[in-house]
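Notes follow once the structure below has been shown.
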Amino acid sequence: MVVEKGKKTINRLKSMYPLRAKVNETYLKSVEAIQAGKPAVWGMLNFYYGDPILKAMDIEVVYPENYGAIAAATGVAQQYLDRADAEGFPTHLCGYSLTTLGYASRMMKELNGQIPPEAPFGGMPKPLFLMSSAAICDARYKWFQALGRYMDAPVWPLEAPIPGIKEFFIEGYYDRMVKLGVKHLRDFVAFVEGMVGKKMDWDKLDKTANLMIEVNRVWHEVNELRKARPCPMHSRDFWSAMPAALFLAGDLEDSLRLYQDMYKEVKDRVNNHAGTILEEKYRLVFAELPPWHSLAFFDKLAERGWNFVIESVGYHPPIPIDLSKVSDPLERITKFSLQFLVGYYEDARKQDVLGGTTAYPYLKYAREWKCDGALLHPLISCRSASTHLPYVSDMLMEKLKVPSLSIEGDIVDLRLFNPEDALAKAEPFEETMEHYRKMRKQAGDDW
Amino acid sequence: MSDKNKGLSKAQEIYLNRSQRARELKAAGKKIIGYPCVYVPLEMLTALDLVPYQTCGDIKEPVTEADRALPHSFCPIMRNCLDCALKGKNDFLDGMATIHSSDPQEKTARVWESYTNYPYFHFIDMPITVRPEALEYFKSQLNDFRKTLEAFTEKKLSTDKLEAAIKSHNQQRALVRELYELTKPSPPLISGTEIVQVVKALTSLPVVEGNDLLTETISEVKNRTDGPEKKSARLLIWSSTLDDTDIMQVFEAKANVVMNESCGGIRAYRGGVKFTADPLEGLADYYLNEITCARTFRQATLGETRKDYARDLQSRFGYLKGIIKEWKINGAVMLLVRYCDPFAFEMPSLKDYFNSLGVPSTYIEYDYTTGALAPLRTRVEAFLETIS
């Protein structure tokens with residue numbers, strides 16, 4: 001199947017839409033839960049560590065990081081940012097965090113705990129407790145601590161070890177990470193039980209953990225299919241479909257079925273040599289957080305033949321590992337979560353790329369998904385998603401002769417991303433990609 | 001007149017030429033290990049006869065080389081530190097010991113390791129909580145650090161030597177505390193600027209030489225007649241790092257800075273390592289639990305299921321109450337190095353805490369460059385006017 005002229009430049013997957021709807025469903029369910037007297041929790045993206053525990057306890061979770069993006073995309077973030085500024089939070093802090101702090105201030109100081117009427121998607125209800133995480137950046141636990149100024153919800157900060165790549169191979173290192181994780185999660189379960197006043201259903205947790213792992217395995221396989229030429233699935237479909245696997249949004253059995261449907265649709269496209277854009281001239285990797293507020297930008301690039309075939313390592317599922325023989329669900333969850341952090345370490349060490357959890361995967365992506373270039377999106381208020389980008393750019397060029405185009409923006413401040421300016425850079429970058437394509441071919445590479 | 005080879009003058013000389021002693025020691029056959037953060041357990045280096053040397057930034061040095069490795073909107077101190085390294089200013093180092101004390105420290109360590117080629121490089125992971133399992137994990141991290149140091153030096157790290165090193169470093173901490181006792185009188189006997197010089201000198205010397213310097217300095221200061229003048233305010237500065245005299249002098253033009261609660265001041269010296277059967281246990285406890293940096297997540301009660309804001313503030317900032325009383329602080333400056341998230345998130349809550357104690361405070365931000373000095377001066381003067 002070839003995309004017909006006159007149709008949309010990016011041929012979106014039909015199977016993506018029900019997965020995208022799960023985000024809305026999550027917010028509505030959390031509000032309904034509060035109305036029905038059930039607990040709701042604010043959680044930080046924690047890479048599969050605490051989520052299955054809350055899921056097994058029937059606790060509805062909303063993610064302020066995700067909500068920050070929604071508030072930005074729907075145009076209500078600015079008032080919360082202004083409010084956080086007035087409260088004394090430095091303006092260069094993470095835009096998502098400032099949005100949440102401003103939101104919490106408005107909800108608790110002005111509305112006595114009621115959801116602000118202007119809040120999109122039904123808003124985030126007052127939480128019973130907060131689940132923060134040390135993974136990836138400092139903001140993600142300090143931000144929830146700072147919320148203590150507005151609400152009396154206790155915080156559980158989830159530990160997330162991040163080893164050095166060399167150090168990870170010291171004898172016994174992995175086992176010690178697992179030991180920390182299992183003990184920590186066991187205490188977390190006790191904390192949650194205390195908060196909600198009921199005991200953990202361990203059979204249900206076992207089943208939830210298995211479903212989480214299977215959902216992410218299928219999701220991983222979907223993305224493996226994108227190595228095909230032309231690429232059958234665009235990054236926009238990836239970002240729309242990912243919350244059900246990354247945040248465990250919605251019912252997991254339903255999510256598994258939907259990802260399986262997506263696999264079939266993408267596989268069909270591969271079998272039929274059908275691409276997601278009209279004519280794939282350039283294959284690109286995108287790093288890191290996309291400009292949520294300006295996603296139509298990718299349609300313009302698609303018109304030029306730019307296909308985004310892989311993206312955002314922080315949102316990708318871990319490389320699958322067999323955990324079927326691990327009987328303790330907490331150990332299984334820990335190992336699965338650790339796989340997200342260290343799954344690329346062995347390869348990174350062999351390639352002598354020591355730049356951390358988030359840098360090496362882009363080399364693998366560029367090599368295996370045969371990318372002609374990388375579009376990097378450094379963000380003024382999200383340092384954790386930006387810090388490694390100069391290094392990634394350097395390594396892509398040094399090791400693979402793949403060039404990068406860096407376009408600055410922000411996660412919530414729309415003014416910092418200029419799509420016209422970015423598009424003006426497209427043509428010269430195409431010449432650069434052509435140049436390095438020749439160089440790679442001369443060096444014997446196959447793309 | 002003070003002796004130029006002793007005490008305050010010597011500290012000033014070392015401050016102005018920090019690497020000189022390390023280079024001499026290197027020429028004499030010693031191995032020098034750099035470290036960018038006070039969370040690296042220096043006792044373990046000392047015990048193996050390695051010389052610890054803190055790799056600091058330099059506000060007078062424009063960042064150029066680090067631009068290719070780190071973005072602009074990133075901790076300016078770490079950008080500056082890496083820049084100095086990439087320009088070869090630390091070319092005498094035999095290795096680096098880095099630690100996950102904050103996100104910028106972790107991210108910079110990876111880049112640093114990739115862009116340099118020291119014979120030794122180690123990264124210590126560090127938990128964010130003080131929970132028992134976190135402490136155990138951190139202790140195991142220190143054990144890994146021990147293993148790589150032993151492999152590098154081809155020596156065993158014996159308990160006796162480690163305990164002796166702990167004793168020396170504890171002595172240094174006690175001497176720094178004694179030095180800070182000398183800021184209690186009004187006017188203080190030693191200025192905040194002079195203390196910055198002394199503390200920075202300590203981070204450039206083997207511990208024994210540092211202790212000698214401190215002993216000389218304390219004796220000199222106790223007997224001096226040319227101490228600082230009494231100014232209109234007695235300030236506490238709370239910051240991630242204040243390690244530069246140009247910055248400190250902006251404050252001291254019109255105030256006495258009697259407490260520098262930062263990594264360029266008392267923070268790394270306020271407590272002491274406990275002697276435990278396994279010395280790594282005492283070290284892990286001290287470095288994870290005792291150093292009062294905003295990077296550690298503290299709660300009134302571990303795993304608490306109820307939150308009380310006043311108790312929460314006490315658990316995070318309670319150590320400042322005694323300082324404010326004993327040093328008769330009448331103004332507090334929350335000095336933020338731009339893009340330092342762990343400290344930035346604390347600002348409104350810390351202001352709440354200072355308000356609860358009746359201490360006037362202000363929040364000032366700067367970017368660790370000389371260009372920041374003029375606006376800093378304006379902000380400081382405005383604050384001093386409001387509290388005078």
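Just so we're on the same page: first chain in the structure tokens is A, next is B, and so on; residues restart at 1 for each chain, and ligands are numbered from 1 in the order they show up.
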Do you know which residues are at most 7 Å from segment 64-71 of chain A counting only C-alpha atoms, after dropping those on the same chain fewer than 2 positions away, and could you put them as a list in words?
Trp42, Met44, Val62, Ala73, Thr74, Gly75, Val76, Ala77, Tyr96, Thr99, Thr100, Pro120, Trp292, Ile411 and Val412 of chain A
Any chance you can output those residues with C-alpha atoms as a compact mmCIF listing (two decimals), in the first residue's frame?
```txt
# COMPACT_ATOMS: atom_id res chain seq x y z
CA TRP A 42 -0.31 11.73 42.00
CA MET A 44 5.83 10.61 38.89
CA VAL A 62 -2.53 10.73 37.54
CA ALA A 73 -1.12 22.01 24.84
CA THR A 74 -4.54 23.32 25.91
CA GLY A 75 -3.22 26.77 26.72
CA VAL A 76 -3.96 26.91 30.45
CA ALA A 77 -0.40 26.39 31.73
CA TYR A 96 5.93 20.70 34.27
CA THR A 99 2.63 24.05 36.27
CA THR A 100 1.83 21.52 39.02
CA PRO A 120 -8.47 20.45 31.13
CA TRP A 292 3.75 18.64 22.42
CA ILE A 411 8.02 21.61 27.32
CA VAL A 412 5.50 24.25 28.34
```
Filtered DSSP result for segment 154-301 of chain A, state helix (DSSP H, G or I), as a ChimeraX atom specification
/A:167-169,173-196,202-227,235-241,243-246,252-271,292-294,297-301
Residues of segment 236-265 of chain B in strand (DSSP E or B) according to DSSP, as a PyMOL selection string?
chain B and resi 236-239+256-261
Excluding Pro230 of chain A and its own-chain neighbours fewer than 2 positions away, which residues fall within 12 Å of it when counting only C-alpha atoms? Please give them as a ChimeraX atom specification.
/A:1-3,225-228,232-234,266,269-284,305-309,369-371
Please report, as JSON lines, each residue of chain A lying at most 8 Å from chain B, together with the nearest pair of atoms and the separation in Å rounded to one decimal; use only C-alpha atoms, and order rows by chain and ascending residue number.
```
{"residue": "A:Glu87", "atom": "CA", "partner": "B:Pro348", "partner_atom": "CA", "distance": 6.9}
{"residue": "A:Gly88", "atom": "CA", "partner": "B:Pro348", "partner_atom": "CA", "distance": 5.4}
{"residue": "A:Phe89", "atom": "CA", "partner": "B:Pro348", "partner_atom": "CA", "distance": 6.5}
{"residue": "A:Pro90", "atom": "CA", "partner": "B:Ala344", "partner_atom": "CA", "distance": 6.3}
{"residue": "A:His92", "atom": "CA", "partner": "B:Tyr339", "partner_atom": "CA", "distance": 6.6}
{"residue": "A:Leu93", "atom": "CA", "partner": "B:Asp341", "partner_atom": "CA", "distance": 6.6}
{"residue": "A:Ala134", "atom": "CA", "partner": "B:Ile128", "partner_atom": "CA", "distance": 6.9}
{"residue": "A:Ile136", "atom": "CA", "partner": "B:Asp103", "partner_atom": "CA", "distance": 7.7}
{"residue": "A:Cys137", "atom": "CA", "partner": "B:Asp103", "partner_atom": "CA", "distance": 5.6}
{"residue": "A:Asp138", "atom": "CA", "partner": "B:Asp103", "partner_atom": "CA", "distance": 5.8}
{"residue": "A:Ala139", "atom": "CA", "partner": "B:Asp341", "partner_atom": "CA", "distance": 6.2}
{"residue": "A:Tyr141", "atom": "CA", "partner": "B:Phe297", "partner_atom": "CA", "distance": 7.8}
{"residue": "A:Lys142", "atom": "CA", "partner": "B:Phe345", "partner_atom": "CA", "distance": 6.2}
{"residue": "A:Trp143", "atom": "CA", "partner": "B:Phe345", "partner_atom": "CA", "distance": 6.5}
{"residue": "A:Gln145", "atom": "CA", "partner": "B:Phe297", "partner_atom": "CA", "distance": 7.9}
{"residue": "A:Ala146", "atom": "CA", "partner": "B:Phe345", "partner_atom": "CA", "distance": 6.2}
{"residue": "A:Gly148", "atom": "CA", "partner": "B:Tyr309", "partner_atom": "CA", "distance": 6.4}
{"residue": "A:Arg149", "atom": "CA", "partner": "B:Tyr309", "partner_atom": "CA", "distance": 6.6}
{"residue": "A:Asp152", "atom": "CA", "partner": "B:Lys307", "partner_atom": "CA", "distance": 5.0}
{"residue": "A:Ala153", "atom": "CA", "partner": "B:Lys307", "partner_atom": "CA", "distance": 6.0}
{"residue": "A:Pro154", "atom": "CA", "partner": "B:Lys307", "partner_atom": "CA", "distance": 5.1}
{"residue": "A:Val155", "atom": "CA", "partner": "B:Glu304", "partner_atom": "CA", "distance": 7.9}
{"residue": "A:Trp156", "atom": "CA", "partner": "B:Gly303", "partner_atom": "CA", "distance": 6.8}
{"residue": "A:Pro157", "atom": "CA", "partner": "B:Thr129", "partner_atom": "CA", "distance": 7.6}
{"residue": "A:Glu159", "atom": "CA", "partner": "B:Pro127", "partner_atom": "CA", "distance": 6.4}
{"residue": "A:Ala160", "atom": "CA", "partner": "B:Pro127", "partner_atom": "CA", "distance": 7.5}
{"residue": "A:Pro161", "atom": "CA", "partner": "B:Pro127", "partner_atom": "CA", "distance": 6.8}
{"residue": "A:Ile162", "atom": "CA", "partner": "B:Asp125", "partner_atom": "CA", "distance": 6.3}
{"residue": "A:Pro163", "atom": "CA", "partner": "B:Asp125", "partner_atom": "CA", "distance": 5.8}
{"residue": "A:Gly164", "atom": "CA", "partner": "B:Phe123", "partner_atom": "CA", "distance": 5.7}
{"residue": "A:Glu167", "atom": "CA", "partner": "B:Phe123", "partner_atom": "CA", "distance": 7.0}
{"residue": "A:Ile170", "atom": "CA", "partner": "B:Asp144", "partner_atom": "CA", "distance": 7.2}
{"residue": "A:Arg176", "atom": "CA", "partner": "B:Tyr137", "partner_atom": "CA", "distance": 6.9}
{"residue": "A:Met177", "atom": "CA", "partner": "B:Tyr137", "partner_atom": "CA", "distance": 7.5}
{"residue": "A:Leu180", "atom": "CA", "partner": "B:Glu133", "partner_atom": "CA", "distance": 5.8}
{"residue": "A:Lys183", "atom": "CA", "partner": "B:Glu133", "partner_atom": "CA", "distance": 6.7}
{"residue": "A:His184", "atom": "CA", "partner": "B:Glu133", "partner_atom": "CA", "distance": 6.8}
{"residue": "A:Phe191", "atom": "CA", "partner": "B:Gly303", "partner_atom": "CA", "distance": 6.7}
{"residue": "A:Gly194", "atom": "CA", "partner": "B:Thr305", "partner_atom": "CA", "distance": 7.2}
{"residue": "A:Met195", "atom": "CA", "partner": "B:Thr305", "partner_atom": "CA", "distance": 6.4}
{"residue": "A:Val353", "atom": "CA", "partner": "B:Ser114", "partner_atom": "CA", "distance": 7.2}
{"residue": "A:Leu354", "atom": "CA", "partner": "B:Ser114", "partner_atom": "CA", "distance": 5.9}
{"residue": "A:Gly355", "atom": "CA", "partner": "B:Arg110", "partner_atom": "CA", "distance": 4.7}
{"residue": "A:Gly356", "atom": "CA", "partner": "B:Arg110", "partner_atom": "CA", "distance": 5.9}
{"residue": "A:Ile380", "atom": "CA", "partner": "B:Ser73", "partner_atom": "CA", "distance": 6.1}
{"residue": "A:Ser381", "atom": "CA", "partner": "B:Ser73", "partner_atom": "CA", "distance": 7.8}
{"residue": "A:Arg383", "atom": "CA", "partner": "B:Phe74", "partner_atom": "CA", "distance": 6.5}
{"residue": "A:Ser384", "atom": "CA", "partner": "B:Asp103", "partner_atom": "CA", "distance": 7.6}
{"residue": "A:Ser386", "atom": "CA", "partner": "B:Pro71", "partner_atom": "CA", "distance": 7.2}
{"residue": "A:Thr387", "atom": "CA", "partner": "B:Leu70", "partner_atom": "CA", "distance": 5.9}
{"residue": "A:His388", "atom": "CA", "partner": "B:Leu70", "partner_atom": "CA", "distance": 7.1}
{"residue": "A:Leu389", "atom": "CA", "partner": "B:Leu70", "partner_atom": "CA", "distance": 7.9}
{"residue": "A:Pro390", "atom": "CA", "partner": "B:Ala69", "partner_atom": "CA", "distance": 5.2}
{"residue": "A:Tyr391", "atom": "CA", "partner": "B:Ala69", "partner_atom": "CA", "distance": 5.3}
{"residue": "A:Asp394", "atom": "CA", "partner": "B:Arg68", "partner_atom": "CA", "distance": 7.9}
```
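Omitting Gln172 of chain B and its sequence neighbours fewer than 4 positions away, and counting only C-alpha atoms, the residues within 8 Å are B:Ser168, B:Val176, B:Val207, B:Gly210, B:Asn211, B:Leu214, B:Tyr269.
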Serialized selection, C-alpha atoms, as a JSON list (two decimals), in the first residue's frame:
```
[["chain", "number", "residue", "atom", "x", "y", "z"],
["B", 168, "SER", "CA", 42.51, 12.89, 60.43],
["B", 176, "VAL", "CA", 36.87, 24.06, 60.69],
["B", 207, "VAL", "CA", 44.53, 16.28, 54.99],
["B", 210, "GLY", "CA", 45.31, 21.08, 55.74],
["B", 211, "ASN", "CA", 45.08, 20.42, 59.46],
["B", 214, "LEU", "CA", 43.94, 25.26, 60.10],
["B", 269, "TYR", "CA", 32.57, 19.92, 58.19]]
```
Close residues, segment 207-216 of chain A itself excluded, 10 Å, only C-alpha atoms, min 2 positions apart in chain, as a PyMOL selection string:
chain A and resi 48-49+51-56+202-205+218-222+242+244-248+251-260+316-324+329-330+332-333+336-337
Store the residues picked out above in a file with C-alpha atoms, as an mmCIF file, in the first residue's frame.
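After the write, result.cif holds the following:
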```cif
data_model
loop_
_atom_site.group_PDB
_atom_site.id
_atom_site.type_symbol
_atom_site.label_atom_id
_atom_site.label_comp_id
_atom_site.auth_asym_id
_atom_site.auth_seq_id
_atom_site.Cartn_x
_atom_site.Cartn_y
_atom_site.Cartn_z
ATOM 1 C CA TYR A 48 7.342 0.516 35.888
ATOM 2 C CA TYR A 49 8.592 0.448 39.485
ATOM 3 C CA ASP A 51 2.894 1.684 39.079
ATOM 4 C CA PRO A 52 2.005 -2.037 39.132
ATOM 5 C CA ILE A 53 1.717 -1.881 42.914
ATOM 6 C CA LEU A 54 -0.812 0.939 42.757
ATOM 7 C CA LYS A 55 -2.575 -0.765 39.888
ATOM 8 C CA ALA A 56 -2.935 -3.973 41.885
ATOM 9 C CA TRP A 202 -0.477 -10.649 45.927
ATOM 10 C CA ASP A 203 -2.082 -12.828 43.245
ATOM 11 C CA LYS A 204 -3.406 -9.727 41.613
ATOM 12 C CA LEU A 205 0.015 -8.072 41.814
ATOM 13 C CA VAL A 218 4.537 -6.459 22.442
ATOM 14 C CA TRP A 219 5.107 -2.697 22.334
ATOM 15 C CA HIS A 220 8.838 -3.363 21.904
ATOM 16 C CA GLU A 221 8.119 -5.734 19.012
ATOM 17 C CA VAL A 222 5.958 -3.094 17.335
ATOM 18 C CA MET A 242 2.948 5.054 24.539
ATOM 19 C CA ALA A 244 -0.689 2.656 28.050
ATOM 20 C CA ALA A 245 2.711 0.951 28.273
ATOM 21 C CA LEU A 246 4.751 3.645 30.004
ATOM 22 C CA PHE A 247 2.234 4.854 32.606
ATOM 23 C CA LEU A 248 0.156 1.654 32.549
ATOM 24 C CA ASP A 251 -6.956 -1.575 31.885
ATOM 25 C CA LEU A 252 -3.880 -3.693 31.147
ATOM 26 C CA GLU A 253 -5.658 -6.618 29.492
ATOM 27 C CA ASP A 254 -7.358 -4.180 27.177
ATOM 28 C CA SER A 255 -4.022 -2.459 26.502
ATOM 29 C CA LEU A 256 -2.408 -5.786 25.623
ATOM 30 C CA ARG A 257 -5.108 -6.493 23.075
ATOM 31 C CA LEU A 258 -4.728 -2.999 21.589
ATOM 32 C CA TYR A 259 -0.947 -3.293 21.259
ATOM 33 C CA GLN A 260 -1.423 -6.692 19.631
ATOM 34 C CA HIS A 316 10.674 3.277 24.997
ATOM 35 C CA PRO A 317 9.974 -0.045 26.672
ATOM 36 C CA PRO A 318 12.927 -1.994 28.046
ATOM 37 C CA ILE A 319 14.620 -4.577 25.859
ATOM 38 C CA PRO A 320 12.677 -7.755 26.759
ATOM 39 C CA ILE A 321 14.216 -10.203 29.221
ATOM 40 C CA ASP A 322 12.847 -13.511 30.414
ATOM 41 C CA LEU A 323 11.562 -13.037 33.961
ATOM 42 C CA SER A 324 9.145 -15.969 33.924
ATOM 43 C CA PRO A 329 6.425 -10.308 41.862
ATOM 44 C CA LEU A 330 8.377 -7.540 43.596
ATOM 45 C CA ARG A 332 10.141 -9.362 38.843
ATOM 46 C CA ILE A 333 8.988 -5.746 38.891
ATOM 47 C CA PHE A 336 11.952 -5.239 34.755
ATOM 48 C CA SER A 337 12.390 -1.651 35.898
#
```
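Going from atom CA of Leu162 of chain B to atom CA of Leu280 of chain B covers 8.9 Å.
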